[in-house]
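Below: upload-v5.pdb (PDB, C-alpha atoms)
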MODEL        1
ATOM      1  CA  MET A   1     100.010  38.770   9.550
ATOM      2  CA  THR A   2     101.099  37.234  12.836
ATOM      3  CA  ALA A   3     100.731  38.859  16.237
ATOM      4  CA  GLU A   4     104.527  39.194  16.415
ATOM      5  CA  GLN A   5     104.643  41.018  13.075
ATOM      6  CA  ILE A   6     101.865  43.352  14.196
ATOM      7  CA  PHE A   7     103.694  44.050  17.451
ATOM      8  CA  LEU A   8     106.906  44.769  15.510
ATOM      9  CA  LEU A   9     105.020  47.327  13.395
ATOM     10  CA  GLN A  10     103.615  48.859  16.594
ATOM     11  CA  GLN A  11     107.157  49.220  17.948
ATOM     12  CA  LYS A  12     108.345  50.874  14.725
ATOM     13  CA  VAL A  13     105.485  53.363  14.926
ATOM     14  CA  SER A  14     105.924  53.951  18.644
ATOM     15  CA  LEU A  15     109.701  54.282  18.771
ATOM     16  CA  CYS A  16     110.591  55.565  15.289
ATOM     17  CA  ASP A  17     107.458  57.427  14.122
ATOM     18  CA  ASP A  18     107.448  55.024  11.155
ATOM     19  CA  GLU A  19     104.644  56.188   8.837
ATOM     20  CA  VAL A  20     105.039  53.201   6.487
ATOM     21  CA  ALA A  21     104.512  50.780   9.387
ATOM     22  CA  PHE A  22     101.456  52.788  10.460
ATOM     23  CA  GLN A  23     100.043  52.629   6.923
ATOM     24  CA  GLN A  24     100.523  48.837   6.962
ATOM     25  CA  LEU A  25      98.542  48.608  10.199
ATOM     26  CA  PHE A  26      95.856  50.876   8.746
ATOM     27  CA  ARG A  27      95.506  48.696   5.633
ATOM     28  CA  LEU A  28      95.498  45.516   7.718
ATOM     29  CA  PHE A  29      92.664  46.544  10.032
ATOM     30  CA  TYR A  30      90.643  49.162   8.135
ATOM     31  CA  THR A  31      88.132  46.941   6.278
ATOM     32  CA  GLY A  32      87.122  44.855   9.286
ATOM     33  CA  LEU A  33      86.841  47.918  11.530
ATOM     34  CA  PHE A  34      84.808  49.744   8.885
ATOM     35  CA  ARG A  35      82.334  46.848   8.524
ATOM     36  CA  PHE A  36      82.074  46.584  12.306
ATOM     37  CA  SER A  37      81.253  50.285  12.617
ATOM     38  CA  VAL A  38      78.736  50.164   9.733
ATOM     39  CA  SER A  39      76.953  47.329  11.524
ATOM     40  CA  MET A  40      76.277  49.735  14.385
ATOM     41  CA  VAL A  41      75.936  53.211  12.880
ATOM     42  CA  LYS A  42      74.243  52.061   9.624
ATOM     43  CA  LEU A  43      75.914  54.807   7.538
ATOM     44  CA  LYS A  44      79.050  54.175   5.485
ATOM     45  CA  GLU A  45      80.207  57.788   5.644
ATOM     46  CA  VAL A  46      79.894  57.860   9.430
ATOM     47  CA  ALA A  47      81.674  54.499   9.745
ATOM     48  CA  GLU A  48      84.549  55.795   7.592
ATOM     49  CA  GLU A  49      84.798  58.843   9.830
ATOM     50  CA  VAL A  50      84.700  56.725  13.001
ATOM     51  CA  VAL A  51      87.516  54.438  11.846
ATOM     52  CA  GLU A  52      89.613  57.314  10.538
ATOM     53  CA  ASP A  53      89.158  59.176  13.843
ATOM     54  CA  VAL A  54      90.360  56.102  15.739
ATOM     55  CA  PHE A  55      93.478  55.880  13.558
ATOM     56  CA  VAL A  56      94.156  59.630  13.834
ATOM     57  CA  LYS A  57      93.948  59.337  17.617
ATOM     58  CA  LEU A  58      96.224  56.287  17.482
ATOM     59  CA  TRP A  59      98.804  58.207  15.420
ATOM     60  CA  ASN A  60      98.618  61.223  17.723
ATOM     61  CA  ASN A  61      99.335  58.935  20.702
ATOM     62  CA  ARG A  62     101.758  56.693  18.801
ATOM     63  CA  GLU A  63     104.426  56.740  21.501
ATOM     64  CA  GLN A  64     102.016  54.650  23.633
ATOM     65  CA  MET A  65     101.381  52.038  20.907
ATOM     66  CA  GLY A  66     104.266  49.885  22.102
ATOM     67  CA  GLY A  67     102.365  49.216  25.317
ATOM     68  CA  ILE A  68      99.252  47.811  23.613
ATOM     69  CA  ASN A  69      99.272  44.023  24.015
ATOM     70  CA  ASN A  70      96.573  43.171  21.454
ATOM     71  CA  LEU A  71      96.183  45.936  18.874
ATOM     72  CA  ARG A  72      93.275  44.176  17.129
ATOM     73  CA  VAL A  73      91.156  44.118  20.294
ATOM     74  CA  TYR A  74      92.243  47.652  21.172
ATOM     75  CA  LEU A  75      91.106  48.964  17.768
ATOM     76  CA  TYR A  76      87.784  47.090  17.807
ATOM     77  CA  VAL A  77      87.000  48.404  21.287
ATOM     78  CA  ALA A  78      87.916  51.951  20.202
ATOM     79  CA  VAL A  79      85.715  51.694  17.086
ATOM     80  CA  LYS A  80      82.870  50.234  19.152
ATOM     81  CA  ASN A  81      83.122  53.115  21.633
ATOM     82  CA  HIS A  82      83.295  55.781  18.902
ATOM     83  CA  SER A  83      80.328  54.184  17.110
ATOM     84  CA  LEU A  84      78.298  54.072  20.325
ATOM     85  CA  ASN A  85      79.176  57.709  21.000
ATOM     86  CA  TYR A  86      77.823  58.592  17.555
ATOM     87  CA  ILE A  87      74.631  56.609  18.207
ATOM     88  CA  ASN A  88      74.161  58.309  21.579
ATOM     89  CA  ARG A  89      74.679  61.757  20.016
ATOM     90  CA  GLN A  90      71.926  60.866  17.535
ATOM     91  CA  GLY A  91      69.621  59.961  20.426
ATOM     92  CA  ASP A  92      69.256  56.352  19.271
ATOM     93  CA  LYS A  93      68.942  54.139  22.336
ATOM     94  CA  LYS A  94      68.874  50.886  20.353
ATOM     95  CA  VAL A  95      72.571  50.153  20.719
ATOM     96  CA  LEU A  96      73.926  47.265  18.656
ATOM     97  CA  ALA A  97      70.649  47.044  16.745
ATOM     98  CA  GLY A  98      70.132  45.008  13.566
ATOM     99  CA  SER A  99      71.856  45.684  10.288
ATOM    100  CA  ASP A 100      71.234  45.172   6.603
ATOM    101  CA  ASP A 101      74.966  45.271   5.983
ATOM    102  CA  PHE A 102      75.940  41.752   7.009
ATOM    103  CA  ASP A 103      77.091  39.912   3.938
ATOM    104  CA  VAL A 104      78.708  36.518   3.788
ATOM    105  CA  ILE A 105      81.283  36.813   1.049
ATOM    106  CA  CYS A 106      82.588  33.914  -0.996
ATOM    107  CA  ASN A 107      85.260  35.084  -3.388
ATOM    108  CA  GLU A 108      87.720  32.212  -3.734
ATOM    109  CA  PHE A 109      86.123  30.242  -6.563
ATOM    110  CA  ALA A 110      85.368  30.539 -10.273
ATOM    111  CA  PRO A 111      81.853  29.113 -10.640
ATOM    112  CA  SER A 112      79.868  28.108 -13.683
ATOM    113  CA  PRO A 113      76.599  30.031 -14.247
ATOM    114  CA  GLU A 114      74.627  27.181 -12.651
ATOM    115  CA  GLU A 115      76.925  27.098  -9.633
ATOM    116  CA  LEU A 116      76.749  30.866  -9.394
ATOM    117  CA  MET A 117      72.949  30.744  -9.278
ATOM    118  CA  MET A 118      72.993  28.000  -6.616
ATOM    119  CA  VAL A 119      75.546  29.888  -4.532
ATOM    120  CA  SER A 120      73.559  33.100  -4.909
ATOM    121  CA  GLU A 121      70.420  31.381  -3.644
ATOM    122  CA  MET A 122      72.359  29.814  -0.782
ATOM    123  CA  LEU A 123      73.949  33.148   0.174
ATOM    124  CA  GLN A 124      70.545  34.809   0.122
ATOM    125  CA  ALA A 125      69.263  32.142   2.489
ATOM    126  CA  VAL A 126      72.300  32.527   4.758
ATOM    127  CA  ASN A 127      72.071  36.330   4.721
ATOM    128  CA  LYS A 128      68.365  36.124   5.560
ATOM    129  CA  VAL A 129      69.116  33.891   8.550
ATOM    130  CA  ILE A 130      71.957  36.175   9.666
ATOM    131  CA  TYR A 131      69.693  39.210   9.347
ATOM    132  CA  GLU A 132      67.066  37.493  11.504
ATOM    133  CA  LEU A 133      69.530  36.606  14.273
ATOM    134  CA  PRO A 134      69.223  38.550  17.516
ATOM    135  CA  PRO A 135      71.361  41.727  17.258
ATOM    136  CA  LYS A 136      74.139  40.661  19.652
ATOM    137  CA  CYS A 137      74.312  37.201  18.055
ATOM    138  CA  ARG A 138      74.620  38.830  14.622
ATOM    139  CA  ILE A 139      77.491  41.072  15.764
ATOM    140  CA  VAL A 140      79.326  38.109  17.347
ATOM    141  CA  TYR A 141      78.876  36.007  14.200
ATOM    142  CA  LYS A 142      80.226  38.807  12.012
ATOM    143  CA  LEU A 143      83.275  39.429  14.208
ATOM    144  CA  VAL A 144      84.198  35.739  14.344
ATOM    145  CA  LYS A 145      83.295  34.556  10.848
ATOM    146  CA  GLU A 146      83.946  37.670   8.757
ATOM    147  CA  ASP A 147      86.576  39.590  10.670
ATOM    148  CA  GLY A 148      88.428  36.548  11.964
ATOM    149  CA  LEU A 149      88.565  37.498  15.627
ATOM    150  CA  ARG A 150      89.060  34.723  18.166
ATOM    151  CA  TYR A 151      86.314  34.088  20.730
ATOM    152  CA  LYS A 152      88.409  35.651  23.499
ATOM    153  CA  GLU A 153      88.982  38.783  21.398
ATOM    154  CA  VAL A 154      85.268  39.127  20.626
ATOM    155  CA  ALA A 155      84.534  38.702  24.334
ATOM    156  CA  GLU A 156      86.926  41.568  25.122
ATOM    157  CA  VAL A 157      85.526  43.802  22.370
ATOM    158  CA  LEU A 158      81.888  43.304  23.390
ATOM    159  CA  ASN A 159      82.557  42.959  27.123
ATOM    160  CA  ILE A 160      80.946  39.507  27.344
ATOM    161  CA  SER A 161      82.300  36.102  28.359
ATOM    162  CA  PRO A 162      83.977  33.758  25.843
ATOM    163  CA  ARG A 163      81.276  31.225  26.756
ATOM    164  CA  THR A 164      78.609  33.714  25.615
ATOM    165  CA  VAL A 165      80.492  34.175  22.337
ATOM    166  CA  GLU A 166      80.536  30.405  21.905
ATOM    167  CA  HIS A 167      76.791  30.252  22.594
ATOM    168  CA  HIS A 168      76.049  32.975  20.000
ATOM    169  CA  ILE A 169      78.145  31.203  17.355
ATOM    170  CA  ALA A 170      76.464  27.868  18.074
ATOM    171  CA  THR A 171      73.041  29.519  17.779
ATOM    172  CA  ALA A 172      73.964  31.169  14.469
ATOM    173  CA  ILE A 173      75.396  27.958  13.003
ATOM    174  CA  ARG A 174      72.346  25.938  14.067
ATOM    175  CA  LYS A 175      69.999  28.449  12.412
ATOM    176  CA  ILE A 176      72.078  28.605   9.226
ATOM    177  CA  ALA A 177      72.257  24.797   9.062
ATOM    178  CA  THR A 178      68.490  24.568   9.502
ATOM    179  CA  ALA A 179      67.916  27.117   6.726
ATOM    180  CA  LEU A 180      70.185  25.154   4.399
ATOM    181  CA  ASN A 181      68.688  21.788   5.429
ATOM    182  CA  ILE A 182      71.989  20.524   6.821
ATOM    183  CA  ASP A 183      71.688  17.807   9.433
ATOM    184  CA  LEU A 184      74.432  18.828  11.881
ATOM    185  CA  VAL A 185      74.279  15.578  13.873
ATOM    186  CA  ALA A 186      74.737  13.448  10.742
ATOM    187  CA  TYR A 187      77.468  15.796   9.512
ATOM    188  CA  GLN A 188      79.364  15.595  12.825
ATOM    189  CA  LYS A 189      79.110  11.776  12.814
ATOM    190  CA  SER A 190      80.443  11.582   9.251
ATOM    191  CA  VAL A 191      83.355  13.854  10.123
ATOM    192  CA  SER A 192      84.240  11.907  13.285
ATOM    193  CA  CYS A 193      84.015   8.547  11.457
ATOM    194  CA  SER A 194      86.040   9.629   8.462
ATOM    195  CA  PRO A 195      89.443   7.991   7.828
ATOM    196  CA  GLY A 196      92.344   9.754   9.476
ATOM    197  CA  SER A 197      90.289  11.094  12.390
TER     198      SER A 197
ENDMDL
END
Represent the structure from my file as structure tokens, please.
Amino acid sequence: MTAEQIFLLQQKVSLCDDEVAFQQLFRLFYTGLFRFSVSMVKLKEVAEEVVEDVFVKLWNNREQMGGINNLRVYLYVAVKNHSLNYINRQGDKKVLAGSDDFDVICNEFAPSPEELMMVSEMLQAVNKVIYELPPKCRIVYKLVKEDGLRYKEVAEVLNISPRTVEHHIATAIRKIATALNIDLVAYQKSVSCSPGS
């Protein structure tokens, strides 16, 4: 869904109390927000509650939705803040700590059993590398690669610079490439020398 379509739905909710438009926004953002919250609070039930609370608050203040320039960033920041509030109430000072819930999902292929085994082994290797990334790097990787946020949006959500986001992604990709025995320099040369470049 484009930014313009999202903004149109925001206007419908804000100006017309359109519940159908609100449900569309909920369905659009829920899964990514839920995974983001789980990565911090470590409990699915708590993450569900966090995301639902954010949407309830959004509905209760729906007349102000028309003034939100980037709803995606707004929602991720709200979920981050609610998740951190939960962590602080629990007395856990390790904010944005590691997570076992980072999964790289490949679901757009129909593999043979042999391919499935190879992909499974590769995903295990990738997940192991992702799990071993520094906590902030892991969160950045997840937001960019799984949730599809742009670098600038991730920077706003996590209150870091876009350059720092770029650095975290580069670090993650280098470590994943190393784990999979991919020579990034050779790969980049082959891509830049390919016909049509």
Q: Return the single residue from A:Gln5, A:Thr31, A:Asn159, A:Gln90 that is closest to Val73 in chain A, with distances computed using only C-alpha atoms.
A: A:Asn159
Q) What lies within 10 Å of Lys12 in chain A using only C-alpha atoms, ignoring chain neighbours under 2 positions off, as a ChimeraX atom specification? A) /A:6-10,14-22,62-63,65-66
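For the pair CA of Lys142 in chain A and CA of Asn69 in chain A, the separation is 23.1 Å.
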Just need the box for range 22-40 of chain A, edges along x, y and z, holding every atom the file lists for it with 8 Å tacked onto each side, so centre and edge lengths in Å to one decimal, as AutoDock Vina command-line options.
--center_x 88.9 --center_y 48.8 --center_z 10.0 --size_x 41.2 --size_y 23.9 --size_z 24.8
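Across the structure, CA of His168 in chain A and CA of Glu45 in chain A are spaced 29.0 Å apart.
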For the structure provided, state which residues fall under the PyMOL selection byres ((chain A and resi 30) around 12), and present them as a PDB file with C-alpha atoms, in the frame of the given file.
ATOM      1  CA  PHE A  22     101.456  52.788  10.460  1.00  0.00           C
ATOM      2  CA  GLN A  23     100.043  52.629   6.923  1.00  0.00           C
ATOM      3  CA  GLN A  24     100.523  48.837   6.962  1.00  0.00           C
ATOM      4  CA  LEU A  25      98.542  48.608  10.199  1.00  0.00           C
ATOM      5  CA  PHE A  26      95.856  50.876   8.746  1.00  0.00           C
ATOM      6  CA  ARG A  27      95.506  48.696   5.633  1.00  0.00           C
ATOM      7  CA  LEU A  28      95.498  45.516   7.718  1.00  0.00           C
ATOM      8  CA  PHE A  29      92.664  46.544  10.032  1.00  0.00           C
ATOM      9  CA  THR A  31      88.132  46.941   6.278  1.00  0.00           C
ATOM     10  CA  GLY A  32      87.122  44.855   9.286  1.00  0.00           C
ATOM     11  CA  LEU A  33      86.841  47.918  11.530  1.00  0.00           C
ATOM     12  CA  PHE A  34      84.808  49.744   8.885  1.00  0.00           C
ATOM     13  CA  ARG A  35      82.334  46.848   8.524  1.00  0.00           C
ATOM     14  CA  PHE A  36      82.074  46.584  12.306  1.00  0.00           C
ATOM     15  CA  SER A  37      81.253  50.285  12.617  1.00  0.00           C
ATOM     16  CA  ALA A  47      81.674  54.499   9.745  1.00  0.00           C
ATOM     17  CA  GLU A  48      84.549  55.795   7.592  1.00  0.00           C
ATOM     18  CA  GLU A  49      84.798  58.843   9.830  1.00  0.00           C
ATOM     19  CA  VAL A  50      84.700  56.725  13.001  1.00  0.00           C
ATOM     20  CA  VAL A  51      87.516  54.438  11.846  1.00  0.00           C
ATOM     21  CA  GLU A  52      89.613  57.314  10.538  1.00  0.00           C
ATOM     22  CA  ASP A  53      89.158  59.176  13.843  1.00  0.00           C
ATOM     23  CA  VAL A  54      90.360  56.102  15.739  1.00  0.00           C
ATOM     24  CA  PHE A  55      93.478  55.880  13.558  1.00  0.00           C
ATOM     25  CA  ARG A  72      93.275  44.176  17.129  1.00  0.00           C
ATOM     26  CA  LEU A  75      91.106  48.964  17.768  1.00  0.00           C
ATOM     27  CA  TYR A  76      87.784  47.090  17.807  1.00  0.00           C
ATOM     28  CA  VAL A  79      85.715  51.694  17.086  1.00  0.00           C
ATOM     29  CA  ASP A 147      86.576  39.590  10.670  1.00  0.00           C
TER      30      ASP A 147
END
Q) In terms of the shortest atom-to-atom distance over all atoms listed in the file, which of A:Ala155, A:Ile130, A:Ala3, A:Val41 is closest to His82 in chain A? A) A:Val41
**Q.** Closest of A:Leu143, A:Val13, A:Arg89, A:Val38 to Leu58 in chain A - atom-to-atom distances counting only C-alpha atoms
**A.** A:Val13
